[in-house]
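Participant: Okay, so here is structure_23.cif, and as you'll see once you scroll down, it has mmCIF, C-alpha atoms.
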```cif
data_coords
#
loop_
_atom_site.group_PDB
_atom_site.id
_atom_site.type_symbol
_atom_site.label_atom_id
_atom_site.label_comp_id
_atom_site.auth_asym_id
_atom_site.auth_seq_id
_atom_site.Cartn_x
_atom_site.Cartn_y
_atom_site.Cartn_z
ATOM 1 C CA ILE A 1 0.000 0.000 0.000
ATOM 2 C CA THR A 2 2.735 2.490 0.952
ATOM 3 C CA ASP A 3 4.583 1.668 -2.297
ATOM 4 C CA PHE A 4 1.391 2.579 -4.142
ATOM 5 C CA PHE A 5 1.212 5.959 -2.406
ATOM 6 C CA ASP A 6 4.920 6.525 -3.072
ATOM 7 C CA HIS A 7 4.066 5.985 -6.729
ATOM 8 C CA ILE A 8 1.030 8.278 -7.029
ATOM 9 C CA GLN A 9 2.626 11.223 -5.224
ATOM 10 C CA LEU A 10 4.754 11.952 -8.305
ATOM 11 C CA LYS A 11 3.304 13.506 -11.439
ATOM 12 C CA LYS A 12 3.589 11.553 -14.662
ATOM 13 C CA LYS A 13 3.212 12.227 -18.351
ATOM 14 C CA LYS A 14 -0.164 11.539 -19.921
ATOM 15 C CA THR A 15 -1.193 7.946 -20.531
ATOM 16 C CA VAL A 16 -1.120 7.040 -24.236
ATOM 17 C CA ASN A 17 -2.752 3.857 -25.596
ATOM 18 C CA ASN A 18 -3.200 2.543 -22.039
ATOM 19 C CA VAL A 19 0.558 2.842 -21.450
ATOM 20 C CA MET A 20 1.375 4.697 -18.237
ATOM 21 C CA GLY A 21 3.477 7.794 -18.815
ATOM 22 C CA GLU A 22 6.907 8.250 -17.260
ATOM 23 C CA TYR A 23 7.594 10.498 -14.295
ATOM 24 C CA LEU A 24 8.125 14.130 -15.154
ATOM 25 C CA SER A 25 11.697 15.394 -15.118
ATOM 26 C CA PRO A 26 12.530 17.200 -12.916
ATOM 27 C CA LEU A 27 10.266 15.427 -10.441
ATOM 28 C CA LYS A 28 7.001 17.183 -9.612
ATOM 29 C CA TYR A 29 4.621 16.262 -6.813
ATOM 30 C CA ASN A 30 0.843 15.946 -6.867
ATOM 31 C CA SER A 31 -1.297 17.942 -4.462
ATOM 32 C CA TYR A 32 -2.174 16.563 -1.042
ATOM 33 C CA SER A 33 -5.882 16.407 -1.928
ATOM 34 C CA PHE A 34 -5.092 14.304 -5.020
ATOM 35 C CA VAL A 35 -3.042 11.791 -3.041
ATOM 36 C CA SER A 36 -5.366 11.635 -0.035
ATOM 37 C CA GLY A 37 -8.337 11.058 -2.319
ATOM 38 C CA HIS A 38 -6.920 7.635 -3.171
ATOM 39 C CA ARG A 39 -7.322 6.599 0.468
ATOM 40 C CA ASP A 40 -11.058 7.270 0.242
ATOM 41 C CA ALA A 41 -11.248 5.327 -3.018
ATOM 42 C CA LEU A 42 -9.436 2.361 -1.471
ATOM 43 C CA HIS A 43 -11.651 2.440 1.595
ATOM 44 C CA LEU A 44 -14.770 2.460 -0.592
ATOM 45 C CA GLU A 45 -13.461 -0.487 -2.598
ATOM 46 C CA TYR A 46 -12.794 -2.444 0.589
ATOM 47 C CA THR A 47 -16.324 -1.665 1.784
ATOM 48 C CA THR A 48 -17.875 -2.598 -1.570
ATOM 49 C CA GLN A 49 -16.024 -5.922 -1.650
ATOM 50 C CA ASP A 50 -16.963 -6.560 2.008
ATOM 51 C CA VAL A 51 -13.301 -6.792 3.026
ATOM 52 C CA ASP A 52 -12.198 -5.623 6.443
ATOM 53 C CA TRP A 53 -10.079 -2.469 6.469
ATOM 54 C CA ASP A 54 -6.918 -3.644 8.224
ATOM 55 C CA PRO A 55 -6.090 -1.283 11.143
ATOM 56 C CA THR A 56 -2.357 -1.567 10.427
ATOM 57 C CA THR A 57 -2.860 -0.588 6.809
ATOM 58 C CA ALA A 58 -5.095 2.327 7.839
ATOM 59 C CA ARG A 59 -2.452 3.511 10.308
ATOM 60 C CA ASP A 60 0.358 3.268 7.723
ATOM 61 C CA ILE A 61 -1.650 5.256 5.188
ATOM 62 C CA SER A 62 -2.571 7.872 7.793
ATOM 63 C CA GLU A 63 1.072 8.301 8.837
ATOM 64 C CA PHE A 64 2.170 8.567 5.217
ATOM 65 C CA LEU A 65 -0.444 11.233 4.446
ATOM 66 C CA LYS A 66 0.480 13.267 7.535
ATOM 67 C CA ALA A 67 4.127 13.263 6.466
ATOM 68 C CA TYR A 68 3.179 14.049 2.867
ATOM 69 C CA LYS A 69 0.993 16.967 3.972
ATOM 70 C CA ARG A 70 3.956 18.462 5.853
ATOM 71 C CA ASN A 71 6.176 17.866 2.823
ATOM 72 C CA VAL A 72 3.717 19.648 0.536
ATOM 73 C CA SER A 73 3.462 22.581 2.957
ATOM 74 C CA GLU A 74 7.240 22.953 2.977
ATOM 75 C CA LYS A 75 7.426 22.823 -0.815
ATOM 76 C CA LYS A 76 4.721 25.495 -1.095
ATOM 77 C CA ALA A 77 6.568 27.690 1.401
ATOM 78 C CA ASN A 78 9.809 27.244 -0.567
ATOM 79 C CA GLY A 79 8.132 27.972 -3.892
ATOM 80 C CA GLU A 80 8.710 24.458 -5.219
ATOM 81 C CA MET A 81 4.955 23.884 -5.579
ATOM 82 C CA SER A 82 2.125 26.220 -6.443
ATOM 83 C CA SER A 83 0.356 27.630 -3.400
ATOM 84 C CA GLN A 84 -3.000 26.888 -5.045
ATOM 85 C CA GLU A 85 -4.323 23.417 -5.761
ATOM 86 C CA GLY A 86 -6.535 22.560 -8.689
ATOM 87 C CA LYS A 87 -8.250 24.954 -11.056
ATOM 88 C CA ASP A 88 -9.166 28.582 -10.372
ATOM 89 C CA PRO A 89 -12.771 29.407 -9.496
ATOM 90 C CA MET A 90 -14.849 30.948 -12.257
ATOM 91 C CA ASN A 91 -16.075 34.444 -11.400
ATOM 92 C CA ASN A 92 -19.569 35.751 -12.115
ATOM 93 C CA GLU A 93 -18.361 38.047 -14.909
ATOM 94 C CA GLY A 94 -16.649 35.129 -16.615
ATOM 95 C CA LEU A 95 -19.784 32.990 -16.360
ATOM 96 C CA GLU A 96 -21.928 35.704 -17.956
ATOM 97 C CA TYR A 97 -19.376 36.187 -20.723
ATOM 98 C CA LEU A 98 -19.175 32.461 -21.537
ATOM 99 C CA ALA A 99 -22.958 32.099 -21.422
ATOM 100 C CA LYS A 100 -23.445 35.023 -23.807
ATOM 101 C CA GLU A 101 -20.775 33.819 -26.225
ATOM 102 C CA THR A 102 -22.209 30.292 -26.400
ATOM 103 C CA LEU A 103 -25.638 31.648 -27.318
ATOM 104 C CA THR A 104 -24.312 33.989 -30.003
ATOM 105 C CA CYS A 105 -21.817 31.570 -31.573
ATOM 106 C CA PRO A 106 -22.820 31.121 -35.245
ATOM 107 C CA THR A 107 -21.527 27.552 -35.603
ATOM 108 C CA ASP A 108 -22.843 24.218 -34.250
ATOM 109 C CA MET A 109 -25.906 25.590 -32.479
ATOM 110 C CA ILE A 110 -26.889 22.291 -30.819
ATOM 111 C CA LEU A 111 -23.464 21.782 -29.244
ATOM 112 C CA ASN A 112 -23.327 25.351 -28.002
ATOM 113 C CA ILE A 113 -26.779 25.504 -26.429
ATOM 114 C CA THR A 114 -26.191 22.106 -24.806
ATOM 115 C CA ALA A 115 -22.846 23.306 -23.429
ATOM 116 C CA HIS A 116 -24.625 26.476 -22.270
ATOM 117 C CA LEU A 117 -27.111 24.398 -20.244
ATOM 118 C CA TYR A 118 -24.349 22.147 -18.940
ATOM 119 C CA LEU A 119 -22.214 24.963 -17.536
ATOM 120 C CA LEU A 120 -25.242 26.702 -15.995
ATOM 121 C CA LEU A 121 -26.275 23.486 -14.240
ATOM 122 C CA CYS A 122 -22.728 23.005 -12.935
ATOM 123 C CA TRP A 123 -22.993 26.543 -11.538
ATOM 124 C CA ASN A 124 -26.547 26.500 -10.167
ATOM 125 C CA LEU A 125 -26.371 23.004 -8.711
ATOM 126 C CA MET A 126 -22.834 23.569 -7.339
ATOM 127 C CA ALA A 127 -22.171 20.160 -8.847
ATOM 128 C CA ARG A 128 -19.187 18.387 -10.323
ATOM 129 C CA SER A 129 -19.129 17.878 -14.062
ATOM 130 C CA ILE A 130 -19.612 14.103 -13.740
ATOM 131 C CA THR A 131 -22.687 14.644 -11.544
ATOM 132 C CA VAL A 132 -24.320 16.901 -14.139
ATOM 133 C CA SER A 133 -23.477 14.543 -16.996
ATOM 134 C CA ASP A 134 -25.315 11.697 -15.226
ATOM 135 C CA LEU A 135 -28.594 13.586 -14.760
ATOM 136 C CA LEU A 136 -31.712 11.885 -16.060
ATOM 137 C CA ILE A 137 -34.930 13.384 -17.390
ATOM 138 C CA ASP A 138 -36.704 11.755 -14.432
ATOM 139 C CA HIS A 139 -34.435 13.754 -12.112
ATOM 140 C CA ILE A 140 -36.133 16.989 -13.178
ATOM 141 C CA SER A 141 -39.450 18.248 -11.811
ATOM 142 C CA TRP A 142 -41.205 21.359 -10.478
ATOM 143 C CA SER A 143 -42.029 22.540 -6.976
ATOM 144 C CA GLY A 144 -43.896 25.826 -6.753
ATOM 145 C CA ASP A 145 -41.930 28.425 -8.704
ATOM 146 C CA ALA A 146 -38.712 26.381 -8.719
ATOM 147 C CA LEU A 147 -37.222 23.830 -11.040
ATOM 148 C CA THR A 148 -36.175 20.871 -8.874
ATOM 149 C CA ILE A 149 -33.363 18.519 -9.826
ATOM 150 C CA TYR A 150 -32.533 15.359 -7.915
ATOM 151 C CA VAL A 151 -28.829 14.906 -7.269
ATOM 152 C CA GLY A 152 -28.045 11.472 -5.879
ATOM 153 C CA LYS A 153 -24.724 9.684 -6.121
ATOM 154 C CA MET A 154 -21.768 12.055 -5.906
ATOM 155 C CA LYS A 155 -18.011 11.769 -5.512
ATOM 156 C CA ASN A 156 -18.287 12.435 -1.780
ATOM 157 C CA ASP A 157 -21.475 10.351 -1.412
ATOM 158 C CA GLN A 158 -20.986 7.125 -3.352
ATOM 159 C CA GLU A 159 -23.759 5.326 -1.483
ATOM 160 C CA ASN A 160 -26.341 8.090 -2.071
ATOM 161 C CA THR A 161 -27.037 8.757 1.599
ATOM 162 C CA ARG A 162 -27.396 12.526 1.102
ATOM 163 C CA GLY A 163 -29.311 12.676 -2.173
ATOM 164 C CA TYR A 164 -32.084 15.268 -2.311
ATOM 165 C CA TRP A 165 -33.991 17.554 -4.671
ATOM 166 C CA ARG A 166 -32.176 20.834 -5.286
ATOM 167 C CA HIS A 167 -34.133 23.957 -6.172
ATOM 168 C CA VAL A 168 -33.088 25.995 -9.210
ATOM 169 C CA TYR A 169 -34.768 29.314 -9.949
ATOM 170 C CA ALA A 170 -35.299 31.297 -13.128
ATOM 171 C CA ASN A 171 -33.409 34.536 -13.687
ATOM 172 C CA PRO A 172 -35.763 36.928 -15.535
ATOM 173 C CA LEU A 173 -33.383 39.846 -14.964
ATOM 174 C CA ASN A 174 -30.548 38.175 -16.870
ATOM 175 C CA PRO A 175 -31.882 35.565 -19.344
ATOM 176 C CA THR A 176 -28.344 34.780 -20.558
ATOM 177 C CA ILE A 177 -27.612 32.876 -17.349
ATOM 178 C CA CYS A 178 -31.155 31.631 -16.675
ATOM 179 C CA PRO A 179 -30.986 27.836 -16.214
ATOM 180 C CA VAL A 180 -34.716 27.362 -16.853
ATOM 181 C CA LEU A 181 -34.488 29.140 -20.209
ATOM 182 C CA ALA A 182 -31.331 27.170 -21.047
ATOM 183 C CA LEU A 183 -33.149 23.899 -20.342
ATOM 184 C CA SER A 184 -36.114 24.908 -22.488
ATOM 185 C CA LEU A 185 -33.790 25.809 -25.390
ATOM 186 C CA VAL A 186 -32.246 22.336 -25.318
ATOM 187 C CA ILE A 187 -35.576 20.520 -24.987
ATOM 188 C CA PHE A 188 -37.267 22.413 -27.834
ATOM 189 C CA SER A 189 -34.192 22.378 -30.093
ATOM 190 C CA CYS A 190 -33.184 18.733 -29.755
ATOM 191 C CA GLY A 191 -36.596 17.296 -30.492
ATOM 192 C CA TYR A 192 -38.568 14.433 -28.995
ATOM 193 C CA ARG A 193 -36.695 11.863 -26.903
ATOM 194 C CA LYS A 194 -37.273 8.243 -27.828
ATOM 195 C CA GLU A 195 -38.841 6.096 -25.162
ATOM 196 C CA GLY A 196 -36.182 4.623 -22.891
ATOM 197 C CA THR A 197 -33.676 7.427 -23.474
ATOM 198 C CA GLN A 198 -33.653 9.009 -20.032
ATOM 199 C CA ARG A 199 -30.315 10.836 -20.009
ATOM 200 C CA LEU A 200 -30.467 14.625 -20.139
ATOM 201 C CA PHE A 201 -27.077 14.703 -21.864
ATOM 202 C CA ALA A 202 -25.457 12.184 -24.194
ATOM 203 C CA SER A 203 -23.402 9.497 -22.467
ATOM 204 C CA ASN A 204 -20.108 10.987 -23.713
ATOM 205 C CA PHE A 205 -21.043 14.644 -23.271
ATOM 206 C CA GLN A 206 -18.739 15.200 -20.308
ATOM 207 C CA ASP A 207 -15.724 14.549 -22.548
ATOM 208 C CA ASN A 208 -17.274 16.626 -25.333
ATOM 209 C CA PHE A 209 -17.879 19.482 -22.914
ATOM 210 C CA ASN A 210 -14.284 19.405 -21.680
ATOM 211 C CA LYS A 211 -12.988 19.506 -25.259
ATOM 212 C CA TRP A 212 -15.425 22.274 -26.156
ATOM 213 C CA LEU A 213 -14.493 24.293 -23.069
ATOM 214 C CA THR A 214 -10.745 23.989 -23.721
ATOM 215 C CA LYS A 215 -11.158 25.076 -27.339
ATOM 216 C CA PHE A 216 -13.549 27.899 -26.438
ATOM 217 C CA LEU A 217 -11.311 29.250 -23.667
ATOM 218 C CA LYS A 218 -8.262 29.319 -25.925
ATOM 219 C CA ALA A 219 -10.214 31.255 -28.551
ATOM 220 C CA LYS A 220 -11.339 33.828 -25.943
ATOM 221 C CA ALA A 221 -8.116 33.973 -23.899
ATOM 222 C CA GLN A 222 -7.566 37.739 -24.216
ATOM 223 C CA GLU A 223 -11.154 38.661 -23.392
ATOM 224 C CA LEU A 224 -11.163 36.375 -20.348
ATOM 225 C CA LEU A 225 -7.832 37.757 -19.147
ATOM 226 C CA VAL A 226 -9.469 41.189 -18.933
ATOM 227 C CA LEU A 227 -12.052 39.574 -16.632
ATOM 228 C CA GLY A 228 -9.288 38.211 -14.397
ATOM 229 C CA LEU A 229 -9.308 34.642 -15.727
ATOM 230 C CA VAL A 230 -6.263 32.744 -16.979
ATOM 231 C CA VAL A 231 -7.501 30.065 -19.379
ATOM 232 C CA CYS A 232 -4.900 27.441 -18.425
ATOM 233 C CA LEU A 233 -6.217 27.610 -14.846
ATOM 234 C CA ILE A 234 -9.885 27.188 -15.804
ATOM 235 C CA GLY A 235 -11.632 23.846 -16.151
ATOM 236 C CA SER A 236 -15.030 22.238 -15.711
ATOM 237 C CA HIS A 237 -14.525 22.189 -11.935
ATOM 238 C CA SER A 238 -14.090 25.984 -11.943
ATOM 239 C CA PHE A 239 -17.866 26.522 -12.074
ATOM 240 C CA ARG A 240 -18.522 24.612 -8.853
ATOM 241 C CA LYS A 241 -15.635 26.334 -7.084
ATOM 242 C CA GLY A 242 -16.680 29.707 -8.470
ATOM 243 C CA VAL A 243 -20.279 29.709 -7.286
ATOM 244 C CA ALA A 244 -19.279 28.461 -3.826
ATOM 245 C CA THR A 245 -16.686 31.241 -3.598
ATOM 246 C CA LEU A 246 -19.208 33.832 -4.768
ATOM 247 C CA ILE A 247 -21.916 32.819 -2.287
ATOM 248 C CA ALA A 248 -19.446 32.644 0.603
ATOM 249 C CA SER A 249 -18.344 36.229 -0.149
ATOM 250 C CA PHE A 250 -21.794 37.783 0.417
ATOM 251 C CA PRO A 251 -22.072 39.570 3.793
ATOM 252 C CA GLY A 252 -24.898 37.951 5.727
ATOM 253 C CA GLY A 253 -25.320 35.305 3.042
ATOM 254 C CA ALA A 254 -25.431 31.542 3.293
ATOM 255 C CA ASP A 255 -23.387 29.987 6.070
ATOM 256 C CA SER A 256 -20.558 27.576 5.342
ATOM 257 C CA ILE A 257 -22.629 24.529 6.398
ATOM 258 C CA SER A 258 -25.354 25.321 3.868
ATOM 259 C CA ILE A 259 -22.783 25.829 1.125
ATOM 260 C CA TRP A 260 -21.053 22.559 2.010
ATOM 261 C CA LEU A 261 -24.343 20.643 1.927
ATOM 262 C CA ARG A 262 -25.227 22.093 -1.472
ATOM 263 C CA ALA A 263 -21.786 21.471 -2.958
#
```
Once more with this new file: its structure as structure tokens, please.
Facilitator:
Amino acid sequence: ITDFFDHIQLKKKKTVNNVMGEYLSPLKYNSYSFVSGHRDALHLEYTTQDVDWDPTTARDISEFLKAYKRNVSEKKANGEMSSQEGKDPMNNEGLEYLAKETLTCPTDMILNITAHLYLLLCWNLMARSITVSDLLIDHISWSGDALTIYVGKMKNDQENTRGYWRHVYANPLNPTICPVLALSLVIFSCGYRKEGTQRLFASNFQDNFNKWLTKFLKAKAQELLVLGLVVCLIGSHSFRKGVATLIASFPGGADSISIWLRA
């Protein structure tokens, strides 16, 4: 187990044709959250396979992660690692700009309006990209004046113990970022769904969205830089981080517990 963690702490080149890439030279280390996440994955696999989690193994992993966390902190203090982990949060101005550009793009209308809905759901649901990509038509309903979307299995809730219906509201003051309007555009533009096809998005749309986002950001790099966004630090996870950051910044707004439960 410890050999495995020694292996994953180092960054490697991209995997090509299922062949694991070599370690980067000079050596670069993965973030603490990336490495520690593998402990949770291992623990879930043990639980799923009904195998007891050996206390000695758990202790060894815990000691390794404590030492690695200190090592990462030292490297950040010395400038050997970036002080920020993961992608940058998307700001509200950047979201509005991307939403507007997707709706006014003259090419591939279906892809653009679908991507427009996808990014708005990532933002409004405070959800990971994989969570949004797995949404079903049956997960969408109405409650009063709100669109309700059921979010079940998530990365931090693999057994769906905290799944619940999340409320999403229309934005009549700014239709560009209105999730209800975005959903209606996709439904009325993509035509009737055949019986049995319950997915809101195509099964491979997460990958398509990531490719679309990368290409779109590169094309709009200068405009986004004016808005304070560096395209190489923006990804699909930026929407979830961005809305949580925005809500937490409001004086007298939602408390951290409410934000954590939503995200």
Participant: Closest to A:Val72 among A:Gln49, A:Thr102, A:Asn91, A:Gln9, using all atoms listed in the file?
Facilitator: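 Using all atoms listed in the file, the shortest distance to A:Val72 belongs to A:Gln9.
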Participant: What is the distance between atom CA of A:Arg166 and atom CA of A:Phe188, in Å to one decimal?
Facilitator: 23.2 Å
Participant: Can you work out the spacing between atom CA of A:Ile137 and atom CA of A:Val168 in Å, to one decimal?
Facilitator: 15.1 Å
Participant: Take the PyMOL selection byres ((chain A and resi 122-128) around 6), run it mentally on this structure, and tell me the resulting residues as a ChimeraX atom specification.
Facilitator: /A:119-121,129-131,239-240,243,263
Participant: Can you tell me which residues surround A:Ala221 at a distance of at most 9 Å, considering only C-alpha atoms, apart from same-chain residues fewer than 6 positions away, and format the answer as a PyMOL selection string?
Facilitator: chain A and resi 229-231
Participant: Expressed in Å to a single decimal, how great is the separation between atom CA of A:Leu27 and atom CA of A:Ser236?
Facilitator: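 Atom-to-atom, atom CA of A:Leu27 and atom CA of A:Ser236 are spaced 26.7 Å apart.
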Participant: Name every residue that the PyMOL selection byres ((chain A and resi 260) around 12) selects in this structure, writing the answer as a PyMOL selection string with chains first and numbers rising.
Facilitator: chain A and resi 125-127+156+162+240-241+243-245+247-248+254-259+261-263
Participant: Let me have the centre and edge lengths of the axis-aligned box enclosing all listed atoms of stretch 85-94 of chain A with 8 Å padding on every side, in Å to one decimal, as lines of an AutoDock Vina configuration file.
Facilitator:
```
center_x = -11.9
center_y = 30.3
center_z = -11.2
size_x = 31.2
size_y = 31.5
size_z = 26.9
```
Participant: Check the smallest atom-to-atom distance from each of A:Thr2, A:Cys105, A:Ala41, A:Leu233 to A:Gly86 using all atoms listed in the file, then report the winner.
Facilitator: A:Leu233
Participant: Do a neighbour search on A:Leu213 at 10 Å with all atoms listed in the file, toss out local chain neighbours closer than 2 positions, and write the hits as a ChimeraX atom specification.
Facilitator: /A:98,115,119,207-211,215-219,231,234-236
Participant: Can you turn the PyMOL selection byres ((chain A and resi 96) around 12) into a concrete residue list for this file, as a ChimeraX atom specification?
Facilitator: /A:90-95,97-103,116,119-120,123,174-178,224,227,239
Participant: Which polymer residues have any atom within 10 Å of an atom of A:Leu24, counting all atoms listed in the file, with same-chain residues fewer than 2 positions away left out, as a PDB file with C-alpha atoms, in the coordinates of the input?
Facilitator:
```pdb
ATOM      1  CA  LEU A  10       4.754  11.952  -8.305  1.00  0.00           C
ATOM      2  CA  LYS A  11       3.304  13.506 -11.439  1.00  0.00           C
ATOM      3  CA  LYS A  12       3.589  11.553 -14.662  1.00  0.00           C
ATOM      4  CA  LYS A  13       3.212  12.227 -18.351  1.00  0.00           C
ATOM      5  CA  LYS A  14      -0.164  11.539 -19.921  1.00  0.00           C
ATOM      6  CA  GLY A  21       3.477   7.794 -18.815  1.00  0.00           C
ATOM      7  CA  GLU A  22       6.907   8.250 -17.260  1.00  0.00           C
ATOM      8  CA  PRO A  26      12.530  17.200 -12.916  1.00  0.00           C
ATOM      9  CA  LEU A  27      10.266  15.427 -10.441  1.00  0.00           C
ATOM     10  CA  LYS A  28       7.001  17.183  -9.612  1.00  0.00           C
ATOM     11  CA  TYR A  29       4.621  16.262  -6.813  1.00  0.00           C
TER      12      TYR A  29
END
```
Participant: Find the residues near A:Ser82: any atom within 10 Å, counting only C-alpha atoms, skip ones fewer than 6 places away on the same chain, and give them as a PyMOL selection string.
Facilitator: chain A and resi 31+72+75-76
